[in-house]
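**Student:** The following file, run.cif, comprises mmCIF, C-alpha atoms and all ligand atoms:
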```
data_data
#
loop_
_atom_site.label_atom_id
_atom_site.label_comp_id
_atom_site.auth_asym_id
_atom_site.auth_seq_id
_atom_site.Cartn_x
_atom_site.Cartn_y
_atom_site.Cartn_z
CA MET W 1 0.00 0.00 0.00
CA SER W 2 1.46 3.35 -0.96
CA ARG W 3 1.60 5.98 1.73
CA ARG W 4 0.32 9.37 0.58
CA ARG W 5 2.37 12.23 1.84
CA ALA W 6 0.69 15.54 2.61
CA PRO W 7 2.19 18.25 0.39
CA ILE W 8 3.89 20.91 2.44
CA CYS W 9 1.22 23.47 1.47
CA GLU W 10 -1.42 21.27 3.15
CA SER W 11 0.46 21.20 6.43
CA LYS W 12 -1.26 22.60 9.47
CA GLY W 13 -0.08 25.83 11.04
CA THR W 14 1.46 27.40 7.94
CA GLY W 15 -1.40 29.77 7.12
CA GLU W 16 -0.41 33.25 5.98
CA ASN W 17 -1.47 34.87 9.24
CA MET W 18 0.12 32.33 11.52
CA PRO W 19 3.28 33.59 13.20
CA ARG W 20 6.30 31.51 12.19
CA ILE W 21 7.54 29.95 15.40
CA ALA W 22 10.74 27.98 15.82
CA ILE W 23 12.00 26.01 18.77
CA TYR W 24 15.72 26.36 19.33
CA PRO W 25 16.44 23.39 21.61
CA GLY W 26 19.62 22.53 23.45
CA SER W 27 21.42 22.02 26.72
CA PHE W 28 22.83 25.57 26.83
CA ASP W 29 25.25 24.59 29.62
CA PRO W 30 26.11 27.46 29.35
CA VAL W 31 24.94 29.67 26.48
CA THR W 32 27.80 30.71 24.17
CA ASN W 33 28.22 33.48 21.61
CA GLY W 34 27.66 30.79 18.96
CA HIS W 35 24.17 30.10 20.33
CA LEU W 36 23.36 33.82 20.39
CA ASP W 37 24.54 34.13 16.79
CA ILE W 38 22.07 31.39 15.76
CA VAL W 39 19.18 33.10 17.57
CA GLU W 40 19.93 36.39 15.80
CA ARG W 41 20.10 34.67 12.42
CA GLY W 42 16.95 32.69 13.18
CA LEU W 43 15.02 35.87 13.92
CA LYS W 44 15.52 36.90 10.30
CA ILE W 45 13.32 34.01 9.18
CA PHE W 46 11.04 33.29 12.14
CA ASP W 47 8.63 35.66 13.88
CA LYS W 48 9.29 34.09 17.24
CA ILE W 49 11.96 31.83 18.65
CA ILE W 50 11.46 29.73 21.75
CA VAL W 51 14.83 28.82 23.20
CA ALA W 52 14.06 25.54 24.93
CA ILE W 53 16.42 24.02 27.48
CA LEU W 54 16.20 20.25 27.72
CA HIS W 55 15.55 19.12 31.27
CA ASN W 56 17.44 15.85 31.33
CA PRO W 57 18.05 14.53 34.85
CA CYS W 58 20.30 11.76 33.43
CA LYS W 59 22.79 14.24 31.98
CA LYS W 60 25.13 15.88 34.46
CA ALA W 61 25.18 19.61 33.86
CA LEU W 62 27.45 22.28 35.31
CA PHE W 63 24.65 24.85 35.64
CA SER W 64 21.18 24.16 37.01
CA ILE W 65 18.20 24.64 34.71
CA GLN W 66 17.33 27.83 36.60
CA GLU W 67 20.85 29.23 36.16
CA ARG W 68 20.84 28.41 32.44
CA LYS W 69 17.42 29.99 32.05
CA GLU W 70 18.55 33.17 33.81
CA MET W 71 21.72 33.45 31.71
CA LEU W 72 19.77 33.02 28.47
CA ALA W 73 17.11 35.49 29.57
CA ASP W 74 19.77 38.07 30.39
CA CYS W 75 21.67 37.61 27.10
CA LEU W 76 18.51 37.76 24.98
CA LYS W 77 16.57 40.44 26.85
CA GLN W 78 16.78 42.86 23.91
CA PHE W 79 14.63 40.55 21.75
CA PRO W 80 10.93 40.72 22.68
CA ASN W 81 10.13 37.89 20.27
CA VAL W 82 12.43 35.41 22.01
CA GLU W 83 11.09 33.30 24.85
CA ILE W 84 13.12 31.07 27.15
CA ASP W 85 11.50 27.84 28.29
CA THR W 86 12.37 24.32 29.41
CA PHE W 87 11.08 21.00 28.18
CA ASP W 88 11.38 17.31 28.82
CA GLY W 89 10.39 14.29 26.75
CA LEU W 90 10.37 14.38 22.98
CA LEU W 91 11.29 17.58 21.23
CA VAL W 92 8.67 17.10 18.49
CA ASP W 93 5.92 16.74 21.12
CA TYR W 94 7.05 19.96 22.77
CA ALA W 95 7.23 21.72 19.37
CA ALA W 96 3.69 20.59 18.51
CA LYS W 97 2.43 21.73 21.92
CA ARG W 98 3.96 25.18 21.31
CA GLN W 99 2.50 25.28 17.77
CA ALA W 100 5.95 25.67 16.25
CA GLN W 101 6.53 24.93 12.58
CA GLY W 102 10.29 24.72 12.85
CA ILE W 103 13.13 23.33 14.90
CA LEU W 104 16.20 25.51 14.66
CA ARG W 105 19.69 24.03 14.96
CA GLY W 106 23.09 25.54 14.35
CA LEU W 107 25.73 23.80 12.27
CA ARG W 108 29.38 24.46 12.93
CA ALA W 109 32.03 22.14 11.56
CA LEU W 110 31.33 19.02 9.51
CA SER W 111 31.58 16.96 12.68
CA ASP W 112 28.14 18.23 13.77
CA PHE W 113 26.50 16.89 10.66
CA ASP W 114 26.12 13.16 11.42
CA TYR W 115 24.39 13.65 14.75
CA GLU W 116 22.26 16.53 13.54
CA PHE W 117 21.21 14.62 10.41
CA GLN W 118 20.16 11.58 12.44
CA MET W 119 18.24 13.70 14.90
CA ALA W 120 16.48 15.70 12.18
CA LEU W 121 15.43 12.54 10.31
CA MET W 122 14.18 10.89 13.50
CA ASN W 123 12.23 14.01 14.39
CA ARG W 124 10.74 14.14 10.89
CA ARG W 125 9.74 10.49 11.13
CA MET W 126 7.91 11.26 14.38
CA ASN W 127 6.23 14.42 13.15
CA ARG W 128 6.22 15.31 9.47
CA GLU W 129 4.64 18.72 10.09
CA ILE W 130 7.70 20.14 11.79
CA GLN W 131 10.69 21.12 9.66
CA THR W 132 14.23 21.21 11.00
CA VAL W 133 16.06 24.29 9.81
CA PHE W 134 19.85 24.37 10.00
CA LEU W 135 21.69 27.65 10.11
CA MET W 136 25.44 27.97 9.80
CA THR W 137 27.08 29.80 12.64
CA GLY W 138 29.29 32.76 11.84
CA LEU W 139 32.87 31.71 11.07
CA ARG W 140 34.03 33.25 14.34
CA TRP W 141 32.06 30.64 16.30
CA ILE W 142 32.88 27.60 14.22
CA PHE W 143 34.89 25.97 17.03
CA THR W 144 32.88 27.35 19.94
CA SER W 145 31.12 24.75 22.03
CA SER W 146 29.86 24.76 25.61
CA SER W 147 31.94 21.66 26.46
CA ILE W 148 35.23 23.06 25.16
CA ILE W 149 34.57 26.36 26.91
CA LYS W 150 33.81 24.61 30.21
CA GLU W 151 36.97 22.56 29.96
CA ALA W 152 39.12 25.59 29.24
CA ALA W 153 37.46 27.63 32.02
CA GLN W 154 37.95 24.81 34.51
CA PHE W 155 41.73 25.04 34.14
CA GLY W 156 41.84 28.83 34.01
CA GLY W 157 42.00 29.11 30.19
CA ASP W 158 41.07 32.32 28.44
CA ILE W 159 37.48 32.17 27.22
CA ASN W 160 37.11 35.89 26.56
CA GLY W 161 34.98 36.65 23.52
CA MET W 162 33.54 33.14 23.35
CA VAL W 163 30.76 33.71 25.86
CA PRO W 164 29.00 36.90 26.99
CA PRO W 165 30.97 38.57 29.85
CA MET W 166 28.29 37.70 32.42
CA VAL W 167 28.52 33.99 31.48
CA GLY W 168 32.32 34.21 31.72
CA ARG W 169 31.97 35.53 35.29
CA LYS W 170 29.52 32.75 36.22
CA LEU W 171 31.93 30.15 34.87
CA LYS W 172 34.76 31.59 36.94
CA GLU W 173 32.56 31.55 40.04
CA LYS W 174 31.56 27.93 39.43
CA PHE W 175 35.10 26.71 39.16
CA ARG W 176 36.34 28.80 42.07
CA HIS W 177 34.13 26.74 44.38
CA ARG W 178 35.14 23.42 42.86
CA PRO W 179 38.03 21.27 44.02
O1 LIG I 1 22.63 21.15 22.96
P1 LIG I 1 22.44 19.70 22.68
O2 LIG I 1 22.79 18.89 23.90
O3 LIG I 1 23.17 19.25 21.45
O4 LIG I 1 20.87 19.48 22.37
C1 LIG I 1 20.35 18.21 22.11
C2 LIG I 1 18.80 18.23 22.10
C3 LIG I 1 18.26 18.84 23.38
C4 LIG I 1 18.33 19.05 20.93
C5 LIG I 1 18.32 16.76 21.93
O5 LIG I 1 18.97 15.94 22.84
C6 LIG I 1 16.80 16.60 22.11
O6 LIG I 1 16.02 17.12 21.36
N1 LIG I 1 16.39 15.84 23.15
C7 LIG I 1 15.01 15.57 23.48
C8 LIG I 1 14.61 14.12 23.15
C9 LIG I 1 14.37 14.01 21.66
O7 LIG I 1 13.34 14.41 21.17
N2 LIG I 1 15.41 13.49 20.93
C10 LIG I 1 15.47 13.52 19.47
C11 LIG I 1 14.99 12.36 18.71
S1 LIG I 1 15.07 10.79 19.48
#
```
Just give me the structure of the file as structure tokens.
**Tutor:**
Amino acid sequence: MSRRRAPICESKGTGENMPRIAIYPGSFDPVTNGHLDIVERGLKIFDKIIVAILHNPCKKALFSIQERKEMLADCLKQFPNVEIDTFDGLLVDYAAKRQAQGILRGLRALSDFDYEFQMALMNRRMNREIQTVFLMTGLRWIFTSSSIIKEAAQFGGDINGMVPPMVGRKLKEKFRHRP
């Protein structure tokens, strides 16, 4: 039996008057200048972006959900059409609940591609109405990742210009109190 696919123009939630909403999901532990670059680029194509922090109790994070939320809110306070939220469970379920048409992800180096491709295809399999949109980060942020930044900060490395100054201070504070 052949499976009929709904043409994109028949998809729900893409009417002319519907605001274009994208979910920008991630761990944001902590937010970096690369993440902020993607939000700014995303705002050129979406009316609203919901930055959604995954609440994953199985993954050990440096910053609590509340701390990550506060840092994001502070860094993005100049954008009234950006909301910060948290989610758990499946991303596509959250996106559908928030009536989003898109999932926004940033691509840096080629090494991101495999994982991102798998995730996007799995998400599409689970919900064909929601499109994953990849944006390339600015060249300046091509090697910027939260994990590398945390590692450098832990051993007193210079992370200036890779994260907003307030996040840099929070990282310093975190590691000052750690053995
Ligand atoms: O910043 P990260 O850690 O690369 O973000 C990964 C994230 C949060 C986008 C991804 O782990 C996710 O969406 N998790 C929720 C569960 C889910 O829906 N997984 C995707 C298909 S199985």
**Student:** Could you tell me, counting all atoms listed in the file, which protein and nucleic acid residues lie no more than 12 Å from ligand LIG 1 (chain I), written as a CSV table (one decimal) with C-alpha atoms, in the coordinates of the input?
**Tutor:**
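The result, stored in pocket-v1.csv:
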```
chain,number,residue,atom,x,y,z
W,23,ILE,CA,12.0,26.0,18.8
W,24,TYR,CA,15.7,26.4,19.3
W,25,PRO,CA,16.4,23.4,21.6
W,26,GLY,CA,19.6,22.5,23.4
W,27,SER,CA,21.4,22.0,26.7
W,28,PHE,CA,22.8,25.6,26.8
W,29,ASP,CA,25.2,24.6,29.6
W,30,PRO,CA,26.1,27.5,29.4
W,31,VAL,CA,24.9,29.7,26.5
W,32,THR,CA,27.8,30.7,24.2
W,34,GLY,CA,27.7,30.8,19.0
W,35,HIS,CA,24.2,30.1,20.3
W,51,VAL,CA,14.8,28.8,23.2
W,52,ALA,CA,14.1,25.5,24.9
W,53,ILE,CA,16.4,24.0,27.5
W,54,LEU,CA,16.2,20.2,27.7
W,55,HIS,CA,15.6,19.1,31.3
W,56,ASN,CA,17.4,15.8,31.3
W,57,PRO,CA,18.0,14.5,34.8
W,58,CYS,CA,20.3,11.8,33.4
W,59,LYS,CA,22.8,14.2,32.0
W,60,LYS,CA,25.1,15.9,34.5
W,61,ALA,CA,25.2,19.6,33.9
W,86,THR,CA,12.4,24.3,29.4
W,87,PHE,CA,11.1,21.0,28.2
W,88,ASP,CA,11.4,17.3,28.8
W,89,GLY,CA,10.4,14.3,26.8
W,90,LEU,CA,10.4,14.4,23.0
W,91,LEU,CA,11.3,17.6,21.2
W,92,VAL,CA,8.7,17.1,18.5
W,93,ASP,CA,5.9,16.7,21.1
W,94,TYR,CA,7.0,20.0,22.8
W,95,ALA,CA,7.2,21.7,19.4
W,96,ALA,CA,3.7,20.6,18.5
W,103,ILE,CA,13.1,23.3,14.9
W,104,LEU,CA,16.2,25.5,14.7
W,105,ARG,CA,19.7,24.0,15.0
W,106,GLY,CA,23.1,25.5,14.4
W,107,LEU,CA,25.7,23.8,12.3
W,108,ARG,CA,29.4,24.5,12.9
W,112,ASP,CA,28.1,18.2,13.8
W,113,PHE,CA,26.5,16.9,10.7
W,115,TYR,CA,24.4,13.6,14.8
W,116,GLU,CA,22.3,16.5,13.5
W,117,PHE,CA,21.2,14.6,10.4
W,118,GLN,CA,20.2,11.6,12.4
W,119,MET,CA,18.2,13.7,14.9
W,120,ALA,CA,16.5,15.7,12.2
W,121,LEU,CA,15.4,12.5,10.3
W,122,MET,CA,14.2,10.9,13.5
W,123,ASN,CA,12.2,14.0,14.4
W,124,ARG,CA,10.7,14.1,10.9
W,125,ARG,CA,9.7,10.5,11.1
W,126,MET,CA,7.9,11.3,14.4
W,127,ASN,CA,6.2,14.4,13.2
W,132,THR,CA,14.2,21.2,11.0
W,145,SER,CA,31.1,24.8,22.0
W,146,SER,CA,29.9,24.8,25.6
W,147,SER,CA,31.9,21.7,26.5
```
**Student:** Which distance in Å separates CA of Thr144 (chain W) and CA of Asp85 (chain W), to one decimal?
**Tutor:** 23.0 Å
**Student:** One number please: CA of Lys172 (chain W) to CA of Asp74 (chain W), in Å, one decimal.
**Tutor:**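 So the two atoms, CA of Lys172 (chain W) and CA of Asp74 (chain W), lie 17.6 Å apart.
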**Student:** Would you mind telling me which residue in W:Pro19, W:Gly161, W:Gly138, W:Gly102 lies nearest to Asn81 (chain W) when using all atoms listed in the file?
**Tutor:**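 Looking only at the distances to Asn81 (chain W), the closest residue turns out to be W:Pro19.
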**Student:** For Leu171 (chain W), work out the shell of residues within 10 Å, counting only C-alpha atoms and skipping chain neighbours fewer than 2 positions away, then give it as a list in words.
**Tutor:**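 Counting only C-alpha atoms, the residues come to Pro30, Leu62, Phe63, Ile149, Lys150, Ala153, Gln154, Ile159, Val163, Pro165, Met166, Val167, Gly168, Arg169, Glu173, Lys174, Phe175 and Arg176 of chain W.
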